Amino acid sequence: MPVATGASIREPLDTNSTGARAAVAAVRIAVALLWIQNVNWKRPPDFGQHNKGGLYRFTNDAVLHPVVAPFTWFVKHIVLPHFALFGYLTLITEFGLGAFLLAGLLTRFWAVVGLAQTTAITLSVLNTPNEWQWSYYLMFAAHIVLLATAAGRVGGLDGLLRPRWRQSSSRLAALALKAS
Amino acid sequence: MSRPGVGTTAAQMGSLRRRGLGVSLCTAAGSLFATFDYTPLNFAVVDTRIAVILLVLAGLGALGAMLEQRLLLLGVGSVLLLLGAVGLVSAGHGKGLIGGGISTAALFAGLGMGFLGVAAAHDQPARPQDSGDRPTHPA
C-alpha cells in the first residue's frame, strides 16, 4: 500500500490489462453504434420540418422548453430559419461520428465532436417532458472516456497507423497524431 | 505488434492476416442485424439484400486476409466506403441507391475504413521502433 510522505503518491490506473483494453474498445464501438442508430432518423431533405416531427421537433424543443436562454435565442433566430442547412450539418456530423468511431480513426478528434454534439442535444431537449436527463449525462461521460483514453489505439486504426504517422514528416501526419 | 529484427516481414504478414480477418468478422457480424426483429437492437438498417452484400464482402475480405493479398483488402474497403458515400449522398431520395438507411451507409463507411486502414498499415515492413502504442506500466 503506497504511503504519502509529503508529496502525494498516485496509484497507476489499470489501463493496460487485456480486460481494460477490451473494455475501452467496447465502449468506443458502443458509442459508434449509438450514433449509427440515431443518424438514421435524421431524414433529408426537410428533416421533419414539414410535418413538425423528426429532427425539427427535437430542435424546436430548445425554444418550447428552454434550457439556457442564449442557446434558445440561437436556435430560434439562426437554426430554425435555416433548418435544412443545420439538418445536413447534423446528418454529416453524426454519420462521421458513427463511421470514424467504429473504425477507431482520429478518435480523440471525433470524441471532441461527440462532446460538442452532445452539448447541442442536451441544450435542446434537457427540459423536454419525458426525457431522461441521465441519457445525456451518460453520453458526456462516454465521450470523455474515449477522449481521455485515446480509445482508437485499442482495436482501432489509430493504434495501427500512429507508428506510420510518427515516422512521417508531413503536417497531415502531425495533425493525425494529435487527433488520435 | 511485430517484433523488431529478423522475421519482421513475416510478423507483419501474420498481423495483416489477423487484422484482416478481424475486420472481415466484424463485417460479417453486421449482417446479424438482419435477423433481429427487435427495434432497440437494430443499430443499423440491414435487410436481406444488405446482409448478402456484407457477407460477400466479408468473405472476400477474409480471403484477402488469408492469402495476405493487400489489394483484395483495399478493393473490399474501397467498395464499402463507396457504398457508404453513395448511401449518404442519396439519403432522402426515396430508398437511396443502396437501400437500407443512413445508418447502413455509416456502417459501410466505418467497415470500409477498417479494411483500408489495415491494408494501408501493411504497405511496407515496419521499422523496429514501430512497436505500437501500448505503453508499459511503471514498475
# chains A, B, ... in the order shown; residues from 1 in each chain; ligands from 1
$ interface_residues --of "chain A" --to "chain B" --cutoff "8 Å" --atoms "only C-alpha atoms" --output "JSON, numbers by chain"
{"A": [12, 16, 33, 34, 36, 37, 38, 39, 40, 43, 44, 45, 95, 96, 98, 99, 100, 101, 102, 103, 153, 156, 157, 159, 160, 161, 162, 163, 164]}
$ select_by_dssp --residues "region 23-141 of chain A" --states "helix (DSSP H, G or I)" --output "ChimeraX atom specification"
/A:23-39,54-64,69-103,107-125,134-141
$ residues_around --residues "Trp110 (chain A)" --least-positions-apart "2" --cutoff "9 Å" --atoms "only C-alpha atoms" --output "ChimeraX atom specification"
/A:96-97,100-101,105-108,112-115,143,147,179-180
$ closest_residue --among "B:Leu32, B:Ala51, B:Val86, B:Val76" --to "Leu63 (chain B)" --atoms "only C-alpha atoms"
B:Val76
$ residues_around --residues "Ala116 (chain A)" --least-positions-apart "2" --cutoff "12 Å" --atoms "only C-alpha atoms" --output "PyMOL selection string"
chain A and resi 90+93-94+97+109-114+118-123+136+139-140+143-144
$ write_last_selection --atoms "C-alpha atoms" --output "PDB file, in the first residue's frame"
ATOM      1  CA  THR A  90     -26.242  17.250 -38.128  1.00  0.00           C
ATOM      2  CA  THR A  93     -21.621  15.110 -38.180  1.00  0.00           C
ATOM      3  CA  GLU A  94     -23.438  12.079 -36.796  1.00  0.00           C
ATOM      4  CA  LEU A  97     -19.180  10.095 -35.600  1.00  0.00           C
ATOM      5  CA  PHE A 109     -10.949  14.460 -32.572  1.00  0.00           C
ATOM      6  CA  TRP A 110     -14.265  12.664 -33.020  1.00  0.00           C
ATOM      7  CA  ALA A 111     -14.674  12.348 -29.248  1.00  0.00           C
ATOM      8  CA  VAL A 112     -14.473  16.151 -29.069  1.00  0.00           C
ATOM      9  CA  VAL A 113     -17.011  16.398 -31.919  1.00  0.00           C
ATOM     10  CA  GLY A 114     -19.218  13.976 -29.982  1.00  0.00           C
ATOM     11  CA  THR A 118     -23.981  16.025 -27.092  1.00  0.00           C
ATOM     12  CA  THR A 119     -23.910  19.586 -25.772  1.00  0.00           C
ATOM     13  CA  ALA A 120     -26.197  20.749 -28.595  1.00  0.00           C
ATOM     14  CA  ILE A 121     -28.596  17.858 -27.997  1.00  0.00           C
ATOM     15  CA  THR A 122     -28.591  18.382 -24.237  1.00  0.00           C
ATOM     16  CA  LEU A 123     -29.279  22.102 -24.545  1.00  0.00           C
ATOM     17  CA  TYR A 136     -27.233  12.991 -21.945  1.00  0.00           C
ATOM     18  CA  MET A 139     -23.272  10.475 -23.348  1.00  0.00           C
ATOM     19  CA  PHE A 140     -20.927  13.133 -21.974  1.00  0.00           C
ATOM     20  CA  HIS A 143     -17.169  10.628 -24.873  1.00  0.00           C
ATOM     21  CA  ILE A 144     -14.901  11.868 -22.089  1.00  0.00           C
TER      22      ILE A 144
END
$ residues_around --residues "region 56-66 of chain A" --least-positions-apart "3" --cutoff "8 Å" --atoms "only C-alpha atoms" --output "list in words"
Phe47, Gly48, Gln49, Lys52, Gly53, Ala69, Phe71, Thr72, Trp73, Val75, Lys76, Leu80, Phe83, Leu123, Ser124, Val125, Asn127 and Thr128 of chain A
$ closest_residue --among "A:Thr15, A:Ser135, A:Ser169, A:Ser8" --to "Ala151 (chain A)" --atoms "only C-alpha atoms"
A:Thr15
$ atom_distance --atom1 "CA of Ala65 (chain B)" --atom2 "CA of Leu25 (chain B)"
11.1 Å
$ atom_distance --atom1 "CA of Ser24 (chain B)" --atom2 "CA of Val56 (chain B)"
10.0 Å
